[in-house]
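K.L.:
Right, I'll just put the structure down here and ask away after.
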Amino acid sequence: MRTKLLVLSVFALLGTFFAYDAFSADPPAPDSEASRIFRGYQIAPVELNLRGKNRALVGLGSYIVNAQAGCNDCHTNPPYAPGGDPYLGEPKKINVEGYLAGGVHFGPDIVSANITPDENGLPAGLTWPEYKRLIRTGHDPDDPDEILQVMPWPVFQNMTDRDLHAVYEYLRSIPSIEGGDDEE
């Protein structure tokens, strides 16, 4: 009897977990993780490749990247499309052609990285463990003796593993754009 009750409880929990559909027309309860996932899909400025991705993490990652962390401001050059710069009083329009492809200069020696997926589908060419180490320590994966000076990793390092993984999963789902961080 206990085993049967336990099995039914597990199925009920799984049913609740999978019941939320990120593409549902009905918005989820306010202030829930489901509402952040739902909003993440609403505000993603580019078409997402969801094949083989955790859809809940992609939506949550989009919410973090596009509503909380401001990644576009430093990793898209320029961040807004012509006629779409809210700082000039224009209706906001993200520069989707350069979305998160890097190329923003912070002085003569620092240029923001292209964090779109590489040819293997890895954001900035980083595996999940490499990405996590970068955010937790600030050490540049290309030069481990260097600590990133502009990237706000000291703030982002406080994020939960789940939130970091959500950002990583979202970055895996965006279009790959070449050359943004190489432009002068």
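Ligands are numbered from 1 in the order shown, chains are lettered A, B, ... in the order of the structure tokens, and residues start at 1 in each chain.
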Going by DSSP on the backbone, which bits of segment 2-183 of chain A are strand (DSSP E)? Write them as a PyMOL selection string, please.

P.N.:
chain A and resi 139-140+143-147

K.L.:
Would you mind listing, for every residue of segment 70-139 of chain A within 8 Å of segment 163-170 of chain A, the two atoms forming the shortest contact and the distance between them in Å to one decimal, using only C-alpha atoms, sorted by chain and ascending residue number, as JSON lines?

P.N.:
{"residue": "A:Pro123", "atom": "CA", "partner": "A:Tyr168", "partner_atom": "CA", "distance": 7.1}
{"residue": "A:Trp128", "atom": "CA", "partner": "A:Tyr168", "partner_atom": "CA", "distance": 7.1}
{"residue": "A:Tyr131", "atom": "CA", "partner": "A:Tyr168", "partner_atom": "CA", "distance": 7.6}
{"residue": "A:Lys132", "atom": "CA", "partner": "A:Leu164", "partner_atom": "CA", "distance": 7.1}

K.L.:
Any chance you could export the current selection's N, CA and C atoms as a JSON list (two decimals), in the first residue's frame?

P.N.:
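Below is the file part_32.json, written as the result:
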[["chain", "number", "residue", "atom", "x", "y", "z"],
["A", 123, "PRO", "N", 27.97, 28.04, -26.06],
["A", 123, "PRO", "CA", 28.04, 29.49, -25.90],
["A", 123, "PRO", "C", 29.48, 29.94, -25.66],
["A", 128, "TRP", "N", 29.57, 23.58, -20.28],
["A", 128, "TRP", "CA", 28.89, 23.99, -19.06],
["A", 128, "TRP", "C", 29.88, 24.13, -17.89],
["A", 131, "TYR", "N", 31.92, 27.33, -18.45],
["A", 131, "TYR", "CA", 31.09, 28.52, -18.26],
["A", 131, "TYR", "C", 30.85, 28.78, -16.78],
["A", 132, "LYS", "N", 30.51, 27.73, -16.06],
["A", 132, "LYS", "CA", 30.26, 27.86, -14.63],
["A", 132, "LYS", "C", 31.51, 28.37, -13.90]]

K.L.:
Would you list the contacts of Leu134 of chain A as a list of chain:residue names, taking every protein, DNA or RNA residue within 12 Å and counting only C-alpha atoms, but skipping same-chain residues closer than 6 positions in sequence?

P.N.:
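Once the nearby chain positions are removed, what remains is A:Ala124, A:Leu126, A:Thr127, A:Trp128, A:Asp140, A:Pro141, A:Asp142, A:Asp143, A:Pro144, A:Asp145, A:Glu146, A:Ile147, A:Leu148, A:Met151, A:Pro152, A:Trp153, A:Pro154, A:Phe156, A:Gln157, A:Leu164, A:Tyr168.
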
K.L.:
Any chance you can output those residues with N, CA and C atoms as an mmCIF file, in the first residue's frame?

P.N.:
data_model
loop_
_atom_site.group_PDB
_atom_site.id
_atom_site.type_symbol
_atom_site.label_atom_id
_atom_site.label_comp_id
_atom_site.auth_asym_id
_atom_site.auth_seq_id
_atom_site.Cartn_x
_atom_site.Cartn_y
_atom_site.Cartn_z
ATOM 1 N N ALA A 124 29.938 30.875 -26.508
ATOM 2 C CA ALA A 124 31.310 31.381 -26.427
ATOM 3 C C ALA A 124 32.330 30.244 -26.535
ATOM 4 N N LEU A 126 32.261 27.546 -24.821
ATOM 5 C CA LEU A 126 32.499 27.013 -23.476
ATOM 6 C C LEU A 126 31.550 25.866 -23.156
ATOM 7 N N THR A 127 32.096 24.824 -22.563
ATOM 8 C CA THR A 127 31.252 23.762 -22.019
ATOM 9 C C THR A 127 30.573 24.300 -20.765
ATOM 10 N N TRP A 128 29.569 23.578 -20.282
ATOM 11 C CA TRP A 128 28.888 23.986 -19.058
ATOM 12 C C TRP A 128 29.877 24.127 -17.894
ATOM 13 N N ASP A 140 39.432 34.214 -17.088
ATOM 14 C CA ASP A 140 39.251 34.132 -18.529
ATOM 15 C C ASP A 140 39.630 32.733 -19.004
ATOM 16 N N PRO A 141 38.707 32.020 -19.672
ATOM 17 C CA PRO A 141 39.031 30.666 -20.126
ATOM 18 C C PRO A 141 40.179 30.635 -21.136
ATOM 19 N N ASP A 142 40.354 31.727 -21.905
ATOM 20 C CA ASP A 142 41.446 31.785 -22.878
ATOM 21 C C ASP A 142 42.784 32.091 -22.225
ATOM 22 N N ASP A 143 42.755 32.694 -21.065
ATOM 23 C CA ASP A 143 43.977 33.024 -20.325
ATOM 24 C C ASP A 143 43.656 32.921 -18.831
ATOM 25 N N PRO A 144 43.740 31.699 -18.266
ATOM 26 C CA PRO A 144 43.316 31.463 -16.882
ATOM 27 C C PRO A 144 44.024 32.304 -15.820
ATOM 28 N N ASP A 145 45.162 32.917 -16.184
ATOM 29 C CA ASP A 145 45.843 33.790 -15.220
ATOM 30 C C ASP A 145 45.206 35.178 -15.155
ATOM 31 N N GLU A 146 44.389 35.499 -16.145
ATOM 32 C CA GLU A 146 43.726 36.795 -16.202
ATOM 33 C C GLU A 146 42.335 36.717 -15.584
ATOM 34 N N ILE A 147 41.962 37.764 -14.876
ATOM 35 C CA ILE A 147 40.625 37.873 -14.302
ATOM 36 C C ILE A 147 39.876 38.948 -15.083
ATOM 37 N N LEU A 148 38.677 38.609 -15.520
ATOM 38 C CA LEU A 148 37.875 39.554 -16.296
ATOM 39 C C LEU A 148 37.621 40.823 -15.486
ATOM 40 N N MET A 151 33.357 42.365 -16.943
ATOM 41 C CA MET A 151 32.248 41.431 -16.715
ATOM 42 C C MET A 151 31.863 41.432 -15.239
ATOM 43 N N PRO A 152 30.577 41.623 -14.922
ATOM 44 C CA PRO A 152 30.167 41.683 -13.512
ATOM 45 C C PRO A 152 30.051 40.299 -12.853
ATOM 46 N N TRP A 153 31.051 39.467 -13.052
ATOM 47 C CA TRP A 153 31.042 38.120 -12.475
ATOM 48 C C TRP A 153 30.976 38.131 -10.950
ATOM 49 N N PRO A 154 31.536 39.160 -10.238
ATOM 50 C CA PRO A 154 31.397 39.130 -8.773
ATOM 51 C C PRO A 154 29.936 39.190 -8.307
ATOM 52 N N PHE A 156 27.284 38.062 -10.537
ATOM 53 C CA PHE A 156 26.670 36.868 -11.115
ATOM 54 C C PHE A 156 27.096 35.589 -10.413
ATOM 55 N N GLN A 157 28.254 35.599 -9.759
ATOM 56 C CA GLN A 157 28.725 34.385 -9.080
ATOM 57 C C GLN A 157 27.805 33.993 -7.924
ATOM 58 N N LEU A 164 22.287 29.818 -13.239
ATOM 59 C CA LEU A 164 23.421 29.843 -14.168
ATOM 60 C C LEU A 164 23.207 28.855 -15.309
ATOM 61 N N TYR A 168 22.964 29.507 -19.361
ATOM 62 C CA TYR A 168 23.744 28.697 -20.300
ATOM 63 C C TYR A 168 22.830 28.020 -21.331
#

K.L.:
Each residue of segment 19-73 of chain A with at least one atom at most 12 Å from segment 93-99 of chain A should appear once, together with its nearest atom pair and the corresponding distance in Å (one decimal); atoms considered: only C-alpha atoms; ordering: chain, then increasing residue number; output as JSON lines.

P.N.:
{"residue": "A:Ile43", "atom": "CA", "partner": "A:Ile94", "partner_atom": "CA", "distance": 10.4}
{"residue": "A:Ala44", "atom": "CA", "partner": "A:Ile94", "partner_atom": "CA", "distance": 9.8}
{"residue": "A:Pro45", "atom": "CA", "partner": "A:Val96", "partner_atom": "CA", "distance": 6.6}
{"residue": "A:Val46", "atom": "CA", "partner": "A:Val96", "partner_atom": "CA", "distance": 6.3}
{"residue": "A:Glu47", "atom": "CA", "partner": "A:Val96", "partner_atom": "CA", "distance": 9.6}
{"residue": "A:Val65", "atom": "CA", "partner": "A:Tyr99", "partner_atom": "CA", "distance": 11.6}
{"residue": "A:Asn66", "atom": "CA", "partner": "A:Ile94", "partner_atom": "CA", "distance": 10.2}
{"residue": "A:Gly70", "atom": "CA", "partner": "A:Ile94", "partner_atom": "CA", "distance": 11.8}
{"residue": "A:Cys71", "atom": "CA", "partner": "A:Tyr99", "partner_atom": "CA", "distance": 9.6}
{"residue": "A:Asn72", "atom": "CA", "partner": "A:Tyr99", "partner_atom": "CA", "distance": 6.9}
{"residue": "A:Asp73", "atom": "CA", "partner": "A:Ile94", "partner_atom": "CA", "distance": 9.8}

K.L.:
Given the choices A:Gln68, A:Pro175, A:Asp118, A:Ile110, which gets closest to Val150 of chain A if the distance is worked out from only C-alpha atoms?

P.N.:
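For Val150 of chain A, the nearest of the candidates is A:Ile110.
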
K.L.:
Using the chain letters and numbers from this document, which residues of segment 2-174 of chain A does DSSP assign to helix (DSSP H, G or I), as number ranges by chain?

P.N.:
A: 2-19, 33-43, 55-68, 71-75, 86-88, 96-98, 128-137, 153-156, 161-173
